[in-house]
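Source file: start01.cif (mmCIF, C-alpha atoms)
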data_protein
#
loop_
_atom_site.label_atom_id
_atom_site.label_comp_id
_atom_site.auth_asym_id
_atom_site.auth_seq_id
_atom_site.Cartn_x
_atom_site.Cartn_y
_atom_site.Cartn_z
CA PRO L 283 -49.98 15.45 39.06
CA ASP L 284 -47.23 12.86 39.26
CA HIS L 285 -46.85 12.88 35.48
CA GLY L 286 -46.58 16.65 35.41
CA LEU L 287 -43.96 16.53 38.17
CA ARG L 288 -41.87 14.03 36.22
CA VAL L 289 -42.08 16.21 33.11
CA ARG L 290 -40.88 19.28 35.05
CA GLU L 291 -37.99 17.27 36.55
CA GLN L 292 -36.92 16.07 33.13
CA ARG L 293 -36.98 19.63 31.83
CA ARG L 294 -34.82 20.82 34.72
CA GLU L 295 -32.31 17.98 34.04
CA LEU L 296 -32.18 18.93 30.39
CA ALA L 297 -31.52 22.54 31.35
CA ARG L 298 -28.68 21.50 33.65
CA GLY L 299 -27.06 19.42 30.92
CA HIS L 300 -27.41 16.04 32.66
CA ALA L 301 -29.57 14.49 29.98
CA VAL L 302 -28.70 13.65 26.40
CA THR L 303 -28.48 16.86 24.41
CA GLN L 304 -28.24 17.62 20.76
CA ARG L 305 -24.83 18.69 19.49
CA PRO L 306 -24.62 21.99 17.62
CA PHE L 307 -24.09 20.38 14.25
CA ALA L 308 -26.57 17.52 14.79
CA HIS L 309 -29.80 17.34 12.87
CA PRO L 310 -32.14 14.51 11.96
CA GLY L 311 -30.69 12.50 9.11
CA GLN L 312 -27.08 12.26 8.10
CA ASP L 313 -24.26 14.73 8.71
CA LEU L 314 -21.72 14.01 5.98
CA ARG L 315 -19.19 16.50 7.30
CA HIS L 316 -18.61 14.48 10.45
CA GLY L 317 -19.24 11.03 8.96
CA GLN L 318 -22.08 10.44 11.48
CA GLU L 319 -25.81 9.77 11.33
CA ASN L 320 -28.33 11.22 13.79
CA THR L 321 -31.19 9.13 15.17
CA ARG L 322 -33.92 10.49 17.44
CA ASP L 323 -34.29 9.12 20.97
CA ASP L 324 -38.03 9.34 21.75
CA ARG L 325 -37.55 8.96 25.50
CA SER L 326 -35.36 11.98 26.10
CA GLY L 327 -36.06 14.06 23.03
CA GLY L 328 -32.31 14.35 22.41
CA THR L 329 -30.19 13.14 19.52
CA ILE L 330 -27.92 10.12 19.43
CA LEU L 331 -25.05 10.15 16.92
CA ALA L 332 -24.42 6.81 15.24
CA PRO L 333 -21.26 6.28 13.16
CA VAL L 334 -21.62 5.78 9.42
CA PRO L 335 -19.10 3.50 7.65
CA ARG L 336 -16.75 5.50 5.45
CA ARG L 337 -16.40 4.54 1.83
CA PRO L 338 -12.92 3.92 0.42
CA SER L 339 -11.46 6.97 -1.27
CA PRO L 340 -11.09 7.01 -5.07
CA VAL L 341 -7.30 6.78 -4.85
CA THR L 342 -7.59 3.73 -2.57
CA LEU L 343 -9.89 2.03 -5.05
CA ALA L 344 -7.53 2.88 -7.91
CA CYS L 345 -4.53 1.37 -6.08
CA LEU L 346 -6.46 -1.78 -5.17
CA ALA L 347 -7.60 -2.18 -8.78
CA VAL L 348 -4.03 -1.83 -10.05
CA ALA L 349 -2.74 -4.44 -7.58
CA LEU L 350 -5.57 -6.84 -8.48
CA LEU L 351 -4.86 -6.38 -12.17
CA ALA L 352 -1.18 -7.22 -11.69
CA ALA L 353 -2.10 -10.32 -9.69
CA LEU L 354 -4.56 -11.55 -12.32
CA VAL L 355 -1.99 -11.20 -15.08
CA TYR L 356 0.87 -13.04 -13.36
CA LEU L 357 -0.70 -15.59 -11.01
CA ASN L 358 -0.58 -18.32 -13.66
CA SER L 359 3.22 -18.01 -13.84
CA LEU L 360 3.89 -18.80 -10.18
CA PRO L 361 4.22 -22.62 -10.46
CA ASN L 362 6.75 -22.48 -13.31
CA ALA L 363 10.21 -23.94 -12.68
CA PHE L 364 13.51 -22.11 -12.22
CA HIS L 365 15.45 -21.45 -15.42
CA PHE L 366 18.63 -19.88 -16.83
CA ASP L 367 20.62 -18.00 -14.16
CA ASP L 368 18.32 -19.20 -11.40
CA GLY L 369 20.35 -22.40 -11.25
CA HIS L 370 23.75 -21.01 -10.25
CA SER L 371 22.50 -17.98 -8.29
CA ILE L 372 19.63 -19.60 -6.37
CA VAL L 373 19.24 -23.39 -6.66
CA ASP L 374 22.93 -24.28 -6.29
CA ASN L 375 23.93 -21.29 -4.17
CA PRO L 376 24.65 -22.35 -0.56
CA TYR L 377 24.98 -18.76 0.68
CA ILE L 378 21.24 -18.04 0.52
CA ARG L 379 20.28 -20.98 2.74
CA SER L 380 21.26 -19.39 6.03
CA PHE L 381 21.26 -15.89 7.48
CA GLY L 382 24.60 -16.82 8.99
CA HIS L 383 26.16 -15.88 5.65
CA ALA L 384 24.93 -12.25 5.95
CA ARG L 385 28.41 -10.94 6.55
CA ARG L 386 29.63 -12.62 3.41
CA TRP L 387 26.86 -10.99 1.36
CA VAL L 388 28.38 -7.58 2.01
CA THR L 389 32.06 -8.54 1.89
CA ASP L 390 32.42 -11.27 -0.74
CA VAL L 391 31.21 -10.83 -4.33
CA SER L 392 31.49 -14.57 -4.93
CA ALA L 393 28.47 -15.16 -2.64
CA PHE L 394 26.24 -14.06 -5.51
CA SER L 395 26.80 -17.20 -7.58
CA VAL L 396 28.58 -20.54 -7.56
CA LEU L 397 30.16 -19.61 -10.91
CA ARG L 398 33.33 -17.60 -10.53
CA GLU L 399 32.73 -15.68 -13.75
CA ASN L 400 29.35 -14.44 -12.44
CA THR L 401 30.48 -12.65 -9.30
CA ASN L 402 28.43 -9.61 -8.34
CA TYR L 403 27.83 -7.36 -5.35
CA ARG L 404 24.10 -7.44 -4.50
CA PRO L 405 23.60 -7.92 -0.76
CA VAL L 406 19.96 -6.78 -0.73
CA LEU L 407 19.12 -9.28 -3.46
CA LEU L 408 20.83 -12.09 -1.55
CA LEU L 409 18.92 -11.08 1.58
CA SER L 410 15.64 -11.39 -0.30
CA TYR L 411 16.66 -14.83 -1.59
CA ALA L 412 17.50 -15.92 1.95
CA VAL L 413 14.09 -14.75 3.18
CA ASN L 414 12.42 -16.74 0.43
CA TYR L 415 14.43 -19.85 1.26
CA ALA L 416 13.67 -19.52 4.99
CA LEU L 417 9.94 -19.24 4.32
CA GLY L 418 9.46 -21.95 1.70
CA GLY L 419 12.71 -23.57 0.66
CA LEU L 420 13.44 -23.82 -3.05
CA ARG L 421 9.87 -23.54 -4.20
CA PRO L 422 9.69 -21.43 -7.37
CA ALA L 423 6.16 -20.22 -6.54
CA GLY L 424 7.40 -18.52 -3.38
CA PHE L 425 10.21 -16.75 -5.20
CA ARG L 426 7.89 -15.54 -7.98
CA LEU L 427 5.26 -14.44 -5.48
CA PHE L 428 7.91 -12.22 -3.88
CA ASN L 429 8.66 -10.73 -7.32
CA LEU L 430 4.94 -10.21 -7.96
CA LEU L 431 4.42 -8.38 -4.67
CA PHE L 432 7.19 -5.91 -5.46
CA HIS L 433 5.90 -5.45 -9.01
CA ALA L 434 2.38 -4.75 -7.74
CA GLY L 435 3.85 -2.32 -5.22
CA SER L 436 5.69 -0.51 -8.00
CA ALA L 437 2.48 -0.27 -10.05
CA ILE L 438 0.68 1.24 -7.03
CA LEU L 439 3.49 3.77 -6.61
CA VAL L 440 3.19 4.74 -10.28
CA CYS L 441 -0.51 5.35 -9.66
CA LEU L 442 0.24 7.51 -6.63
CA VAL L 443 2.99 9.49 -8.37
CA VAL L 444 0.77 10.27 -11.37
CA ARG L 445 -2.02 11.40 -9.03
CA GLU L 446 0.27 13.70 -7.06
CA LEU L 447 1.69 15.29 -10.21
CA LEU L 448 -1.74 15.84 -11.75
CA ARG L 449 -3.07 17.37 -8.54
CA ARG L 450 -0.52 20.15 -8.98
CA ILE L 451 -1.86 20.88 -12.46
CA TRP L 452 -5.60 20.32 -11.98
CA ARG L 453 -6.44 22.59 -9.06
CA GLY L 454 -9.66 24.20 -10.25
CA GLU L 455 -13.12 22.98 -9.32
CA GLY L 456 -14.00 22.24 -12.94
CA GLU L 457 -10.87 20.22 -13.60
CA PRO L 458 -11.17 16.43 -14.01
CA ARG L 459 -10.30 14.16 -11.10
CA PRO L 460 -6.74 12.75 -11.29
CA GLU L 461 -7.67 9.25 -10.08
CA TRP L 462 -8.66 7.94 -13.50
CA PRO L 463 -5.42 8.95 -15.28
CA ALA L 464 -3.49 7.68 -12.25
CA PHE L 465 -5.24 4.32 -12.49
CA LEU L 466 -4.52 4.08 -16.22
CA GLY L 467 -0.83 4.84 -15.65
CA GLY L 468 -0.52 2.24 -12.89
CA ALA L 469 -2.49 -0.33 -14.90
CA LEU L 470 -0.29 0.16 -17.96
CA PHE L 471 2.82 -0.32 -15.83
CA ALA L 472 1.32 -3.44 -14.22
CA VAL L 473 0.37 -5.32 -17.40
CA HIS L 474 2.88 -4.10 -19.99
CA PRO L 475 4.74 -7.06 -21.55
CA LEU L 476 8.11 -5.40 -20.97
CA GLN L 477 7.55 -5.89 -17.22
CA SER L 478 7.01 -9.65 -17.42
CA GLU L 479 10.68 -10.55 -16.97
CA ILE L 480 10.94 -9.04 -13.48
CA VAL L 481 8.12 -11.32 -12.33
CA ASP L 482 8.57 -14.53 -14.34
CA TYR L 483 12.37 -14.60 -14.26
CA VAL L 484 13.40 -14.87 -10.61
CA SER L 485 16.97 -13.73 -11.25
CA SER L 486 15.62 -10.41 -12.55
CA ARG L 487 14.39 -9.54 -9.08
CA SER L 488 17.08 -6.91 -8.77
CA ASP L 489 15.27 -4.83 -11.43
CA GLY L 490 12.00 -5.10 -9.52
CA LEU L 491 13.67 -4.08 -6.25
CA CYS L 492 15.35 -1.12 -7.94
CA ALA L 493 12.08 0.04 -9.51
CA PHE L 494 10.13 -0.24 -6.26
CA PHE L 495 12.58 1.69 -4.07
CA TYR L 496 13.22 4.33 -6.73
CA LEU L 497 9.48 4.97 -7.16
CA LEU L 498 8.99 4.97 -3.39
CA ALA L 499 11.71 7.59 -2.93
CA PHE L 500 10.32 9.71 -5.76
CA TYR L 501 6.78 9.56 -4.35
CA LEU L 502 7.98 10.55 -0.88
CA TRP L 503 9.91 13.47 -2.37
CA VAL L 504 6.84 14.67 -4.31
CA ARG L 505 4.67 14.38 -1.20
CA ALA L 506 7.24 16.26 0.87
CA ASN L 507 7.28 19.13 -1.61
CA ALA L 508 3.48 19.24 -1.69
CA THR L 509 2.92 19.17 2.09
CA GLY L 510 6.14 20.60 3.44
CA ALA L 511 6.54 17.62 5.78
CA ARG L 512 10.08 16.75 6.77
CA ALA L 513 9.63 13.04 7.45
CA PRO L 514 8.86 12.01 3.82
CA ARG L 515 11.77 14.11 2.57
CA ALA L 516 14.15 12.45 5.05
CA LEU L 517 12.93 8.97 4.05
CA ALA L 518 13.31 9.81 0.37
#

Would you give me this structure, written as structure tokens?
Amino acid sequence: PDHGLRVREQRRELARGHAVTQRPFAHPGQDLRHGQENTRDDRSGGTILAPVPRRPSPVTLACLAVALLAALVYLNSLPNAFHFDDGHSIVDNPYIRSFGHARRWVTDVSAFSVLRENTNYRPVLLLSYAVNYALGGLRPAGFRLFNLLFHAGSAILVCLVVRELLRRIWRGEGEPRPEWPAFLGGALFAVHPLQSEIVDYVSSRSDGLCAFFYLLAFYLWVRANATGARAPRALA
């Protein structure tokens, strides 16, 4: 009798909604739409939803592969010494050794180099040199690592731009996925020999910075046109 009474009480609690209940979409097994897995609770007869780890998206894997490829190609160049214009614009340049010269970066073209015939107006470049010097002094590996990070970022942006453009063309269900062509485009940009100078030659950092911010602006503009969002368009 006591067992039957407990069973009736549990049924009344279930009817009132105080016990664990099964959600409308829940069913034994895995519910891929909600990224959750259902497991049966034998005590209450209800369903407990356990989270299932989400796999990285194809575009995320493509971007990571492009960045890894760029790193593998250029990591052996990091310990190389400074050369050519690196001497007068970095090694011997006193204006990159303190952020106190920031005002001079934007007002004096001679802050670019110790050679008078090599004056130039590049405040963003000088800022990046100053950041490098503050983090690791005049270590060539640190300066080249900075170049490599921007180059890998540019290769990722090429991958994303190609994907966004192909998504506008391949809209049908039977069309191929754009991630593979996007990966090939980013990989080609990452390892092409013409790109080696902006990583190996520290003084060519200005080209890497220009490429990165141009591709970033173009990607944001493409995304803004595709989604109608105002924030990416304003940033672009």

Practice prompt. Pull out every residue that the PyMOL selection byres ((chain L and resi 471) around 12) matches in the shown coordinates and put them as a PyMOL selection string.
Written response: chain L and resi 348-349+351-352+355+433-441+444+464-470+472-478+493

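Closest approach to Leu397 in chain L from the set L:Tyr356, L:Ala412, L:Gly382, L:Ile372 is made by L:Ile372, with distances taken over only C-alpha atoms.
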
Since I can't run it myself right now, could you work out what the PyMOL selection byres ((chain L and resi 517) around 12) selects here and report it as a list in words?
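Going through the file, the PyMOL selection byres ((chain L and resi 517) around 12) ends up selecting Phe495, Tyr496, Leu498, Ala499, Phe500, Tyr501, Leu502, Trp503, Val504, Arg505, Ala506, Ala511, Arg512, Ala513, Pro514, Arg515, Ala516 and Ala518 of chain L.
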
Using only C-alpha atoms for the distances, tell me which of L:Leu407, L:Ala393, L:Val388, L:Leu357 is nearest to Val484 in chain L.
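The closest residue to Val484 in chain L is L:Leu407.
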
**Request:** Apply the PyMOL selection byres ((chain L and resi 396) around 10) to the displayed file and report the matching residues as a list in words.
**Result:**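 Selection result, ordered by chain and number: Gly369, His370, Ser371, Ile372, Val373, Asp374, Asn375, Pro376, Tyr377, Ser392, Ala393, Phe394, Ser395, Leu397, Arg398, Glu399, Asn400 and Thr401 of chain L.
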
Query - Between CA of Leu408 in chain L and CA of Ile378 in chain L, distance in Å (one decimal) - result: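 Here the two named atoms are 6.3 Å from each other.
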
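CA of Leu431 in chain L sits 10.8 Å away from CA of Leu350 in chain L.
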
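For the set L:Leu442, L:Leu427, L:Asp367, L:Tyr411, the residue with the smallest atom-to-atom gap to Pro340 in chain L is L:Leu442, counting only C-alpha atoms.
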
Up to 9 Å from (-8.1, 11.0, -10.6) in the file's coordinates: name the residues, counting only C-alpha atoms, as a PyMOL selection string.
chain L and resi 340-341+344+444-445+448-449+458-465

Around range 436-445 of chain L, fit a box with edges along x, y and z, padding it by 4 Å on each side, then list its centre and edge lengths in Å to one decimal as lines of an AutoDock Vina configuration file.
center_x = 1.8
center_y = 5.4
center_z = -9.0
size_x = 15.7
size_y = 19.9
size_z = 12.8
